[in-house]
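Right, one structure below, let's go through it.
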Amino acid sequence: MFTKSQDWYDLVYDAQGKDYEVEAATIRQMLHSRDVSRGGAGGRPRLLDVACGTGRHLALLDDFDRVGVDLDPGMLERAAERCPGVMLVEGDMRTLDPGGLGAPFDAVSCLFASIAYMRDLQSLAEAVGSMARCIRSGGVLAIEPFLEPGVVELGRPWATFVDRPEIKIARMDVPRVEGRCLQLEFEYLIADSEGVRHVHESHRVGLFTREEFGSAFRAAGLEWSFVEPGLSGRGLHFGRRPD
């Protein structure tokens with residue numbers, strides 16, 4: 001996970017052109033089109049955002065009663081600054097506590113490919129099942145996937161550059177595949193008022209097919225569908241708990 005780069009996380013993805021406002025508007029429309037807007041008790045719909053990170057999506061979805069979960073306390077600290085008054089909980093997506101989170105929810109989201117930190121089919125099923133248990137009857141689970149097996153361009157170097165007056169960042173990596181996992185070794189070079197330093201951060205993420213997601217959703221008792229292009233061109237998996 002991003003355990004060493006929380007301070008630069010938003011800067012890096014802003015530099016990549018990630019548009020949280022457009023994404024939040026898109027996921028809102030998709031949830032509302034699935035009747036989430038009515039709420040389970042006729043009031044404001046309730047949203048649980050799993051792997052909420054620094055709270056960028058969560059802050060923009062303020063027409064929901066929101067709860068955020070993340071495994072990284074450093075990310076939650078930044079989310080708390082961005083989302084005052086929102087309940088934020090440290091937790092693993094595979095072992096969510098529905099009662100402790102205030103379930104059931106009208107919608108549960110897991111965005112920005114966070115599900116890819118599940119590295120095998122068992123972990124994927126555990127995470128989908130755990131999130132599904134937090135949804136009310138008729139509620140919706142929305143998961144944004146990462147890459148499917150065979151898509152990664154091996155040997156191709158990647159780089160992101162942040163160029164602001166107060167800070168310069170270069171993040172580089174050359175992805176490699178090991179079995180059904182993608183190994184990312186992010187190398188950061190950071191220059192700020194304290195000088196120049198180098199930080200290494202390792203990420204190992206799972207590669208799953210569309211049908212493997214569908215199987216996990218169905219095993220969790222959800223009616224599964226897949227929508228393209230989703231938020232970032234990778235589509236979105238939706239599951240509805242039958243009424």
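Just so we're on the same page: first chain in the structure tokens is A, next is B, and so on; residues restart at 1 for each chain, and ligands are numbered from 1 in the order they show up.
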
Considering only C-alpha atoms, return as a list in words whatever protein or nucleic-acid residues lie within 8 Å of Val89 in chain A, sequence-local ones (same chain, fewer than 3 positions apart) excluded.
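Near Val89 in chain A, the qualifying residues are Val67, Gly68, Val69, Asp70, Leu76 and Leu101 of chain A.
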
Taking 5 positions as the minimum chain separation for residues in the same chain, which residues sit within 10 Å of Ser37 in chain A when counting only C-alpha atoms? Answer as a PyMOL selection string.
chain A and resi 28-29+31-32+42-46+63-64+106-107

Atoms kept (C-alpha atoms) for selection, written as a compact mmCIF listing (two decimals), in the first residue's frame:
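Written file, result_27.txt:
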# COMPACT_ATOMS: atom_id res chain seq x y z
CA ARG A 28 -23.42 9.33 -8.01
CA GLN A 29 -25.44 9.13 -11.23
CA LEU A 31 -25.92 4.76 -7.94
CA HIS A 32 -29.00 6.95 -8.26
CA GLY A 42 -36.79 7.07 2.83
CA GLY A 43 -34.11 9.50 4.02
CA ARG A 44 -30.69 10.41 2.69
CA PRO A 45 -28.96 7.36 1.22
CA ARG A 46 -26.12 5.88 3.27
CA ASP A 63 -25.35 14.17 -0.50
CA PHE A 64 -24.91 10.75 1.17
CA ASP A 106 -27.73 1.68 0.68
CA ALA A 107 -24.47 1.57 -1.24

Take CA of Asp243 in chain A and CA of Asp35 in chain A and report the distance between them in Å, one decimal.
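So the answer is 12.2 Å.
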
With range 51-54 of chain A as the partner and 8 Å as the cut-off, tabulate the residues of range 86-190 of chain A that qualify, each row holding the nearest pair of atoms and their distance in Å to one decimal, using only C-alpha atoms, sorted by chain and rising number, as a Markdown table.
| residue | atom | partner | partner_atom | distance |
| --- | --- | --- | --- | --- |
| A:Met93 | CA | A:Ala51 | CA | 7.4 |
| A:Cys110 | CA | A:Ala51 | CA | 6.2 |
| A:Leu111 | CA | A:Ala51 | CA | 7.4 |
| A:Ser114 | CA | A:Ala51 | CA | 6.3 |

For Pro145 in chain A, please output as number ranges by chain all residues within 8 Å (counting only C-alpha atoms; exclusion window: fewer than 3 positions along the same chain).
A: 111-116, 234-237

So that I can check the secondary structure, give me every residue of range 102-198 of chain A assigned strand (DSSP E or B) by backbone DSSP, as a PyMOL selection string.
chain A and resi 105-110+135-143+158-164+167-173+176-178+181-192+195-198

Considering only C-alpha atoms, return as a PyMOL selection string whatever protein or nucleic-acid residues lie within 10 Å of range 133-139 of chain A, sequence-local ones (same chain, fewer than 5 positions apart) excluded.
chain A and resi 31+34-36+39-40+45-48+96-99+101-108+128+220-222+239-243

Extract, using only C-alpha atoms, all DNA, RNA and protein residues at most 12 Å from Glu81 in chain A, discarding same-chain residues fewer than 2 positions from it, and format them as a VMD selection string.
chain A and resid 53 to 56 58 to 59 74 to 79 83 to 88

Which residue, A:Pro175, A:Val196, A:Tyr117, A:Lys4, has the smallest gap to Val151 in chain A when you use only C-alpha atoms?
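Comparing A:Pro175, A:Val196, A:Tyr117, A:Lys4 against Val151 in chain A, the winner is A:Pro175.
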
Skip Val162 in chain A itself and residues of its chain fewer than 4 positions away, then list as an mmCIF file with N, CA and C atoms, in the first residue's frame all residues within 9 Å of it, counting only C-alpha atoms.
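Listed below is the output, selection39.cif:
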data_model
loop_
_atom_site.group_PDB
_atom_site.id
_atom_site.type_symbol
_atom_site.label_atom_id
_atom_site.label_comp_id
_atom_site.auth_asym_id
_atom_site.auth_seq_id
_atom_site.Cartn_x
_atom_site.Cartn_y
_atom_site.Cartn_z
ATOM 1 N N LEU A 11 -0.857 14.646 -4.853
ATOM 2 C CA LEU A 11 -0.092 15.397 -5.848
ATOM 3 C C LEU A 11 0.227 14.532 -7.068
ATOM 4 N N VAL A 12 0.591 13.277 -6.824
ATOM 5 C CA VAL A 12 0.947 12.381 -7.931
ATOM 6 C C VAL A 12 -0.251 12.128 -8.832
ATOM 7 N N ASP A 14 -3.057 13.919 -9.048
ATOM 8 C CA ASP A 14 -3.439 15.157 -9.727
ATOM 9 C C ASP A 14 -2.574 15.365 -10.966
ATOM 10 N N ALA A 15 -1.280 15.072 -10.843
ATOM 11 C CA ALA A 15 -0.372 15.229 -11.983
ATOM 12 C C ALA A 15 -0.721 14.261 -13.111
ATOM 13 N N GLN A 16 -1.300 13.110 -12.762
ATOM 14 C CA GLN A 16 -1.728 12.155 -13.782
ATOM 15 C C GLN A 16 -3.053 12.544 -14.428
ATOM 16 N N ILE A 167 7.514 21.956 -4.451
ATOM 17 C CA ILE A 167 7.944 20.559 -4.435
ATOM 18 C C ILE A 167 8.062 20.017 -5.848
ATOM 19 N N LYS A 168 9.045 19.164 -6.057
ATOM 20 C CA LYS A 168 9.234 18.442 -7.315
ATOM 21 C C LYS A 168 9.271 16.958 -6.976
ATOM 22 N N ILE A 169 8.524 16.163 -7.737
ATOM 23 C CA ILE A 169 8.482 14.719 -7.498
ATOM 24 C C ILE A 169 8.583 13.999 -8.830
ATOM 25 N N ALA A 170 9.408 12.968 -8.864
ATOM 26 C CA ALA A 170 9.408 12.017 -9.974
ATOM 27 C C ALA A 170 9.104 10.643 -9.391
ATOM 28 N N ARG A 171 8.065 9.990 -9.930
ATOM 29 C CA ARG A 171 7.762 8.616 -9.518
ATOM 30 C C ARG A 171 7.911 7.719 -10.736
#

A:Ala142, A:Thr95, A:Arg82, A:Gln6 ranked by distance to Val227 in chain A, top pick (using only C-alpha atoms):
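Among the listed residues, A:Ala142 lies closest to Val227 in chain A.
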
Work out how far CA of Phe208 in chain A is from CA of Gly179 in chain A, in Å to one decimal.
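Computed distance, CA of Gly179 in chain A to CA of Phe208 in chain A, equals 11.4 Å.
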
Hey, what does DSSP flag as helix (DSSP H, G or I) within range 34-229 of chain A? Can you give it to me as a ChimeraX atom specification?
/A:36-38,56-60,73-82,93-95,98-101,114-117,121-132,210-219

Mind pulling up the distance from CA of Asp65 in chain A to CA of Ser109 in chain A?
13.2 Å

Quick one: everything within 12 Å of Glu178 in chain A, counting only C-alpha atoms, minus sequence neighbours fewer than 2 positions away in the same chain. Send it as a ChimeraX atom specification.
/A:119,149-150,152,154,175-176,180-184,204-207

When you count only C-alpha atoms, which of these residues is closest to Gly155 in chain A: A:Leu61, A:Ala132, A:Val177, A:Leu189?
A:Val177
